[in-house]
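S.K.: The following file, entry_6.cif, comprises mmCIF, C-alpha atoms:
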data_run
loop_
_atom_site.label_atom_id
_atom_site.label_comp_id
_atom_site.auth_asym_id
_atom_site.auth_seq_id
_atom_site.Cartn_x
_atom_site.Cartn_y
_atom_site.Cartn_z
CA MET D 1 90.76 127.68 88.80
CA ASP D 2 92.95 130.82 88.39
CA GLY D 3 95.45 128.98 86.20
CA ARG D 4 96.29 126.47 88.92
CA ILE D 5 96.99 122.85 88.05
CA LEU D 6 94.60 120.12 89.19
CA ARG D 7 96.57 117.18 90.55
CA THR D 8 95.35 113.67 91.20
CA GLY D 9 96.55 113.90 94.81
CA SER D 10 97.50 110.94 96.98
CA PRO D 11 95.91 107.53 96.27
CA LEU D 12 92.40 107.16 97.64
CA LEU D 13 93.11 103.76 99.23
CA ALA D 14 96.80 103.81 99.95
CA GLY D 15 98.76 101.20 101.85
CA ARG D 16 97.03 98.69 104.09
CA ALA D 17 93.57 100.08 103.33
CA ARG D 18 93.54 98.49 99.87
CA PRO D 19 93.24 94.80 100.92
CA TRP D 20 90.60 95.72 103.48
CA ALA D 21 88.64 97.61 100.84
CA GLY D 22 88.78 94.58 98.56
CA ALA D 23 87.56 92.31 101.34
CA VAL D 24 84.64 94.60 102.25
CA LEU D 25 83.74 94.93 98.57
CA ALA D 26 83.64 91.14 98.18
CA CYS D 27 81.52 90.70 101.32
CA CYS D 28 79.02 93.32 100.12
CA ALA D 29 78.75 91.67 96.72
CA VAL D 30 78.13 88.25 98.28
CA LEU D 31 75.53 89.72 100.66
CA VAL D 32 73.59 91.39 97.84
CA ALA D 33 73.72 88.22 95.74
CA VAL D 34 72.63 85.88 98.55
CA LEU D 35 69.78 88.11 99.72
CA GLY D 36 68.75 88.62 96.11
CA VAL D 37 68.42 84.88 95.56
CA LEU D 38 66.40 84.51 98.76
CA VAL D 39 63.91 87.29 98.02
CA ALA D 40 63.70 87.10 94.23
CA HIS D 41 60.19 87.57 92.81
CA GLN D 42 58.64 87.96 96.28
CA ALA D 43 55.61 90.21 96.65
CA THR D 44 55.27 89.88 100.44
CA ALA D 45 57.60 90.06 103.39
CA GLY D 46 59.25 86.93 104.71
CA TRP D 47 59.26 86.07 108.40
CA PHE D 48 62.49 87.95 109.07
CA ASP D 49 61.35 91.14 107.38
CA ARG D 50 57.98 90.97 109.15
CA ALA D 51 59.71 90.67 112.53
CA VAL D 52 61.96 93.67 111.89
CA ASP D 53 59.54 95.84 109.92
CA SER D 54 56.51 95.67 112.22
CA PRO D 55 57.86 97.77 115.14
CA VAL D 56 59.48 100.24 112.73
CA ILE D 57 56.20 100.68 110.83
CA ALA D 58 54.35 101.15 114.13
CA TRP D 59 56.81 103.88 115.15
CA ALA D 60 56.62 105.66 111.79
CA GLY D 61 52.83 105.63 111.99
CA GLY D 62 53.02 108.17 114.80
CA HIS D 63 55.93 110.15 113.32
CA ARG D 64 55.17 110.21 109.61
CA GLY D 65 56.33 113.78 109.10
CA LEU D 66 59.69 113.04 110.72
CA ALA D 67 60.08 109.83 108.71
CA LEU D 68 59.33 111.66 105.46
CA GLY D 69 61.87 114.34 106.31
CA VAL D 70 64.60 111.81 107.05
CA ALA D 71 63.80 109.74 103.94
CA TYR D 72 64.11 112.91 101.83
CA ALA D 73 67.86 112.85 102.50
CA GLY D 74 68.11 109.87 100.17
CA THR D 75 66.53 111.64 97.19
CA LEU D 76 68.14 113.31 94.18
CA ILE D 77 68.32 116.95 95.30
CA PRO D 78 70.00 116.45 98.72
CA ALA D 79 72.36 113.83 97.25
CA GLY D 80 73.27 116.24 94.45
CA LEU D 81 73.92 119.11 96.84
CA VAL D 82 76.14 117.00 99.09
CA THR D 83 78.01 115.72 96.05
CA ALA D 84 78.59 119.29 94.84
CA VAL D 85 80.02 120.30 98.22
CA ILE D 86 82.36 117.28 98.27
CA VAL D 87 83.51 117.95 94.71
CA ALA D 88 84.19 121.62 95.48
CA GLY D 89 86.20 120.67 98.56
CA CYS D 90 88.25 118.14 96.59
CA LEU D 91 89.01 120.60 93.80
CA LEU D 92 90.06 123.28 96.27
CA ALA D 93 92.35 120.74 97.94
CA GLY D 94 93.73 119.64 94.58
CA ARG D 95 92.35 116.08 94.86
CA LEU D 96 91.11 115.37 91.36
CA THR D 97 90.58 111.65 91.99
CA GLY D 98 88.46 112.50 95.03
CA ALA D 99 86.30 114.81 92.93
CA VAL D 100 85.83 112.10 90.28
CA LEU D 101 84.93 109.59 92.99
CA ALA D 102 82.29 111.92 94.42
CA VAL D 103 80.80 112.71 91.00
CA ALA D 104 80.57 109.05 89.98
CA ALA D 105 79.49 107.42 93.26
CA VAL D 106 75.72 108.03 93.37
CA PRO D 107 75.04 107.80 89.60
CA VAL D 108 76.94 104.52 89.26
CA ALA D 109 75.34 103.02 92.37
CA ALA D 110 71.87 104.17 91.30
CA GLY D 111 72.45 102.78 87.81
CA LEU D 112 73.29 99.37 89.27
CA VAL D 113 70.16 99.43 91.43
CA GLU D 114 67.64 100.77 88.94
CA GLY D 115 69.07 99.38 85.74
CA LEU D 116 70.24 95.93 86.84
CA LEU D 117 69.33 94.68 90.30
CA LYS D 118 65.71 95.77 90.66
CA PRO D 119 64.60 94.30 87.31
CA LEU D 120 66.72 91.19 87.85
CA ILE D 121 65.53 90.36 91.38
CA HIS D 122 62.00 91.68 90.73
CA ARG D 123 60.93 91.88 94.36
CA THR D 124 57.86 94.04 94.79
CA TYR D 125 56.17 95.98 97.59
CA ARG D 126 52.72 97.35 96.75
CA GLY D 127 53.49 96.80 93.08
CA ASP D 128 56.84 98.66 93.04
CA LEU D 129 60.27 97.12 92.52
CA VAL D 130 62.10 97.54 95.82
CA TYR D 131 65.28 95.42 96.00
CA PRO D 132 67.69 97.06 96.73
CA SER D 133 66.53 100.37 98.21
CA GLY D 134 67.63 103.30 96.05
CA HIS D 135 67.32 105.80 98.92
CA THR D 136 69.60 103.72 101.11
CA THR D 137 72.04 103.10 98.28
CA ALA D 138 72.50 106.85 97.69
CA VAL D 139 73.09 107.87 101.31
CA PHE D 140 75.45 104.98 102.03
CA ALA D 141 77.39 105.75 98.86
CA LEU D 142 77.90 109.35 100.00
CA ALA D 143 78.81 108.25 103.52
CA THR D 144 81.41 105.89 102.08
CA VAL D 145 82.83 108.64 99.85
CA LEU D 146 83.29 110.83 102.92
CA THR D 147 84.92 107.96 104.80
CA VAL D 148 87.37 107.29 101.97
CA LEU D 149 88.26 110.95 101.54
CA LEU D 150 88.51 111.93 105.20
CA LEU D 151 89.60 108.81 107.09
CA ILE D 152 91.81 106.98 104.58
CA PRO D 153 94.62 107.82 105.07
CA PRO D 154 94.26 109.09 108.67
CA ALA D 155 95.04 112.68 109.52
CA ARG D 156 98.63 113.53 110.40
CA GLU D 157 99.43 113.99 114.06
CA SER D 158 100.66 117.49 113.23
CA ALA D 159 97.20 118.51 111.97
CA PRO D 160 95.15 120.76 114.29
CA ARG D 161 93.07 118.80 116.78
CA ALA D 162 89.83 120.39 115.55
CA LEU D 163 90.57 119.22 112.00
CA ARG D 164 91.31 115.68 113.16
CA VAL D 165 88.06 115.59 115.12
CA LEU D 166 86.08 116.85 112.11
CA ARG D 167 87.62 114.18 109.90
CA VAL D 168 86.06 111.60 112.19
CA LEU D 169 82.78 113.34 113.03
CA ILE D 170 81.71 114.08 109.45
CA PRO D 171 81.83 110.47 108.18
CA ALA D 172 80.31 109.26 111.47
CA ALA D 173 77.41 111.70 111.15
CA ALA D 174 76.90 110.65 107.52
CA ALA D 175 76.79 106.98 108.55
CA VAL D 176 74.22 107.71 111.27
CA LEU D 177 72.05 109.64 108.80
CA ALA D 178 72.29 106.77 106.31
CA CYS D 179 71.05 104.33 108.95
CA LEU D 180 68.19 106.68 109.83
CA VAL D 181 67.18 106.86 106.17
CA ALA D 182 67.04 103.05 106.11
CA VAL D 183 64.77 103.11 109.17
CA ALA D 184 62.56 105.82 107.65
CA VAL D 185 61.94 104.10 104.31
CA THR D 186 61.16 100.87 106.16
CA GLY D 187 58.72 102.64 108.49
CA LEU D 188 57.01 104.39 105.59
CA ARG D 189 56.45 100.98 103.97
CA TRP D 190 58.47 101.89 100.92
CA HIS D 191 60.90 99.01 101.48
CA TYR D 192 61.43 95.82 103.44
CA PHE D 193 64.32 95.78 105.89
CA THR D 194 66.40 93.49 103.67
CA ASP D 195 66.00 95.98 100.80
CA THR D 196 67.79 98.58 102.90
CA VAL D 197 70.55 96.15 103.87
CA ALA D 198 71.17 95.39 100.21
CA GLY D 199 71.04 99.11 99.36
CA ALA D 200 73.70 99.86 101.96
CA ALA D 201 75.88 97.06 100.59
CA VAL D 202 75.54 98.31 97.01
CA GLY D 203 76.41 101.89 98.01
CA ILE D 204 79.48 100.83 99.97
CA ALA D 205 80.69 98.34 97.36
CA THR D 206 80.26 100.78 94.49
CA VAL D 207 82.40 103.46 96.12
CA LEU D 208 85.14 101.00 97.09
CA ALA D 209 85.21 99.55 93.58
CA LEU D 210 85.45 103.04 92.07
CA ALA D 211 88.23 103.98 94.49
CA LEU D 212 90.22 100.88 93.57
CA ILE D 213 89.78 101.64 89.87
CA LEU D 214 90.75 105.30 90.28
CA ASP D 215 93.91 104.24 92.12
CA LEU D 216 95.14 102.15 89.17
CA PRO D 217 98.36 103.68 87.77
CA ALA D 218 96.95 103.96 84.24
CA VAL D 219 93.84 105.76 85.47
CA ARG D 220 95.88 108.12 87.66
CA ARG D 221 98.10 108.98 84.68
CA LEU D 222 95.04 109.66 82.55
CA LEU D 223 93.48 111.89 85.20
CA GLY D 224 96.80 113.66 85.71
CA ALA D 225 96.95 114.47 82.01
CA ALA D 226 93.31 115.60 82.00
CA GLY D 227 93.94 117.83 84.98
CA GLY D 228 96.87 119.54 83.28
CA ARG D 229 99.70 118.15 85.37
CA PRO D 230 102.71 120.33 84.64
CA ALA D 231 105.32 118.69 82.41
CA THR D 232 108.08 120.95 83.62
CA GLY D 233 109.25 122.11 86.97
CA ARG D 234 111.70 124.95 87.44
CA GLN D 235 113.23 125.95 84.17
CA ARG D 236 117.01 125.86 83.99
CA PRO D 237 118.77 129.07 83.07
CA ALA D 238 119.94 129.28 79.51
CA GLN D 239 123.48 127.98 78.96
CA SER D 240 126.09 129.50 76.74
CA PRO D 241 127.61 127.38 73.93
CA GLY D 242 130.77 127.01 76.03
CA GLN D 243 128.83 125.73 79.06
CA ARG D 244 126.94 123.20 76.91
CA SER D 245 130.20 121.96 75.43
CA ALA D 246 131.74 121.60 78.89
CA ALA D 247 128.63 119.75 80.13
CA ARG D 248 128.96 117.19 77.33
CA HIS D 249 132.51 116.39 78.46
#
Any chance you could put this one into structure tokens?

M.R.:
Amino acid sequence: MDGRILRTGSPLLAGRARPWAGAVLACCAVLVAVLGVLVAHQATAGWFDRAVDSPVIAWAGGHRGLALGVAYAGTLIPAGLVTAVIVAGCLLAGRLTGAVLAVAAVPVAAGLVEGLLKPLIHRTYRGDLVYPSGHTTAVFALATVLTVLLLIPPARESAPRALRVLRVLIPAAAAVLACLVAVAVTGLRWHYFTDTVAGAAVGIATVLALALILDLPAVRRLLGAAGGRPATGRQRPAQSPGQRSAARH
């Protein structure tokens, strides 16, 4: 980093965004829990999933190549590449907490899905555990990271118009792609619709929870120390013994 100091930067969820983030996090957690209870140990679609899935599956039957291409966005390699770009941008901007958020988002969300929720709910589709959708979890986690980093807090009015537009367009495009991935994995019969809803909720909730944790004063102090926050500012010129004596009086 050419000897430069990495700083934690401004809080990820400053001001009025924090209570809203907590409320969205709670709603996502309740949604995942309620759906999980309703679909636990199912091996077939319920009436709601059948109603939603059928037209999507019919569409994907005639556009399988397109559906596979869109679904690929939720796999490890694309998610890793996007994460690397976000981390690089955060480090160049001196936002260490943003870089940590980006690095942790997909692994933590995927760990919750694969290590806890899928075995616990044990909903299957063609013999595979499917609740929540891991593809959808990953893309919604990344979309939420971009939203937190670019839209919260909003861009200053003094910022160039093109920059302010990009700060809105990038998270919006990521959200649209995440929704398309949910449609694709449903059409390919990898997941039921409710699997993708739960995956989106897990991805969003995980990022918001991480952001709230990273904004804790103790965590920010720890990251500041790890990033090499300077302990001194401008050094004062050396004082003569007479000046020091006068200063004491």

S.K.: Taking only C-alpha atoms into account, which of D:Gly61, D:Pro160, D:Gly74, D:Gly69 comes nearest Gly199 of chain D?

M.R.: D:Gly74

S.K.: As an exercise, work out the distance from atom CA of Trp20 of chain D to atom CA of Thr206 of chain D in Å and give it to one decimal place.

M.R.: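 Distance between the two atoms: 14.6 Å.
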
S.K.: Would you mind listing what lies within 7 Å of segment 26-37 of chain D as a list in words, with only C-alpha atoms counted and same-chain residues fewer than 3 positions away left out?

M.R.: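 The neighbour list is Gly22, Ala23, Ala40, Ile121, Ala198, Ala201, Val202 and Ala205 of chain D.
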
S.K.: So what do you get for atom CA of Val176 of chain D versus atom CA of Thr97 of chain D, distance-wise?

M.R.: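 Taking atom CA of Val176 of chain D and atom CA of Thr97 of chain D, their separation equals 25.6 Å.
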
S.K.: Which is closest to Gly187 of chain D among D:Leu214, D:Ile57, D:Ala43, D:Leu25, if we use only C-alpha atoms?

M.R.: D:Ile57

S.K.: Can you pull out every residue within 9 Å of Val145 of chain D, counting all atoms listed in the file, but drop anything in the same chain fewer than 6 positions away, and send it as a PyMOL selection string?

M.R.: chain D and resi 86+98+101-102+105+171+204+207-208+211

S.K.: Suppose you want the space between atom CA of Ala143 of chain D and atom CA of Ala178 of chain D; what is it in Å?

M.R.: 7.2 Å

S.K.: With 5 Å added on each side, what axis-aligned box encloses every listed atom of segment 29-48 of chain D? Give the centre and edge lengths in Å to one decimal, as lines of an AutoDock Vina configuration file.

M.R.:
center_x = 67.0
center_y = 88.1
center_z = 100.9
size_x = 33.5
size_y = 17.2
size_z = 26.3

S.K.: Give as an MDAnalysis selection string each residue that has an atom at most 8 Å from (60.4, 109.0, 98.8) in the file, counting all atoms listed in the file.

M.R.: chainID D and resid 68 71:72 74:75 135 185 190

S.K.: Could you state which residues are captured by the PyMOL selection byres ((chain D and resi 136) around 6) in this file, as a list in words?

M.R.: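 Applying the expression gives Ser133, Gly134, His135, Thr137, Ala138, Val139, Ala182, Thr196, Gly199 and Ala200 of chain D.
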
S.K.: Missing atoms in segment 156-183 of chain D: fill them in up to N, CA and C atoms and send the result as a short mmCIF file (atom, residue, chain, number, x, y, z; two decimals), in the coordinates of the input.

M.R.:
data_model
loop_
_atom_site.label_atom_id
_atom_site.label_comp_id
_atom_site.auth_asym_id
_atom_site.auth_seq_id
_atom_site.Cartn_x
_atom_site.Cartn_y
_atom_site.Cartn_z
N ARG D 156 97.31 113.48 109.79
CA ARG D 156 98.63 113.53 110.40
C ARG D 156 98.52 114.03 111.84
N GLU D 157 99.43 113.56 112.67
CA GLU D 157 99.43 113.99 114.06
C GLU D 157 99.67 115.49 114.18
N SER D 158 100.36 116.06 113.18
CA SER D 158 100.66 117.49 113.23
C SER D 158 99.45 118.35 112.87
N ALA D 159 98.40 117.75 112.34
CA ALA D 159 97.20 118.51 111.97
C ALA D 159 96.52 119.05 113.23
N PRO D 160 95.87 120.22 113.12
CA PRO D 160 95.15 120.76 114.29
C PRO D 160 94.14 119.77 114.83
N ARG D 161 93.97 119.76 116.15
CA ARG D 161 93.07 118.80 116.78
C ARG D 161 91.64 118.94 116.25
N ALA D 162 91.20 120.18 116.05
CA ALA D 162 89.83 120.39 115.55
C ALA D 162 89.64 119.74 114.18
N LEU D 163 90.66 119.83 113.33
CA LEU D 163 90.57 119.22 112.00
C LEU D 163 90.51 117.71 112.10
N ARG D 164 91.32 117.14 113.00
CA ARG D 164 91.31 115.68 113.16
C ARG D 164 89.96 115.19 113.69
N VAL D 165 89.37 115.96 114.58
CA VAL D 165 88.06 115.59 115.12
C VAL D 165 87.00 115.66 114.02
N LEU D 166 87.05 116.71 113.19
CA LEU D 166 86.08 116.85 112.11
C LEU D 166 86.19 115.72 111.10
N ARG D 167 87.41 115.27 110.86
CA ARG D 167 87.62 114.18 109.90
C ARG D 167 86.98 112.89 110.37
N VAL D 168 86.75 112.77 111.65
CA VAL D 168 86.06 111.60 112.19
C VAL D 168 84.56 111.85 112.30
N LEU D 169 84.19 113.04 112.78
CA LEU D 169 82.78 113.34 113.03
C LEU D 169 81.95 113.39 111.76
N ILE D 170 82.50 113.94 110.68
CA ILE D 170 81.71 114.08 109.45
C ILE D 170 81.32 112.73 108.87
N PRO D 171 82.26 111.80 108.67
CA PRO D 171 81.83 110.47 108.18
C PRO D 171 80.92 109.74 109.16
N ALA D 172 81.17 109.92 110.48
CA ALA D 172 80.31 109.26 111.47
C ALA D 172 78.89 109.79 111.39
N ALA D 173 78.74 111.11 111.27
CA ALA D 173 77.41 111.70 111.15
C ALA D 173 76.72 111.24 109.87
N ALA D 174 77.48 111.13 108.79
CA ALA D 174 76.90 110.65 107.52
C ALA D 174 76.42 109.21 107.65
N ALA D 175 77.19 108.38 108.35
CA ALA D 175 76.79 106.98 108.55
C ALA D 175 75.53 106.88 109.39
N VAL D 176 75.43 107.71 110.43
CA VAL D 176 74.22 107.71 111.27
C VAL D 176 73.01 108.13 110.45
N LEU D 177 73.16 109.18 109.64
CA LEU D 177 72.05 109.64 108.80
C LEU D 177 71.64 108.54 107.82
N ALA D 178 72.61 107.84 107.25
CA ALA D 178 72.29 106.77 106.31
C ALA D 178 71.47 105.68 106.99
N CYS D 179 71.82 105.34 108.21
CA CYS D 179 71.05 104.33 108.95
C CYS D 179 69.64 104.83 109.24
N LEU D 180 69.51 106.11 109.56
CA LEU D 180 68.19 106.68 109.83
C LEU D 180 67.31 106.67 108.57
N VAL D 181 67.93 106.92 107.41
CA VAL D 181 67.18 106.86 106.17
C VAL D 181 66.65 105.44 105.95
N ALA D 182 67.48 104.44 106.24
CA ALA D 182 67.04 103.05 106.11
C ALA D 182 65.84 102.77 107.02
N VAL D 183 65.89 103.29 108.24
CA VAL D 183 64.77 103.11 109.17
C VAL D 183 63.52 103.82 108.64
#
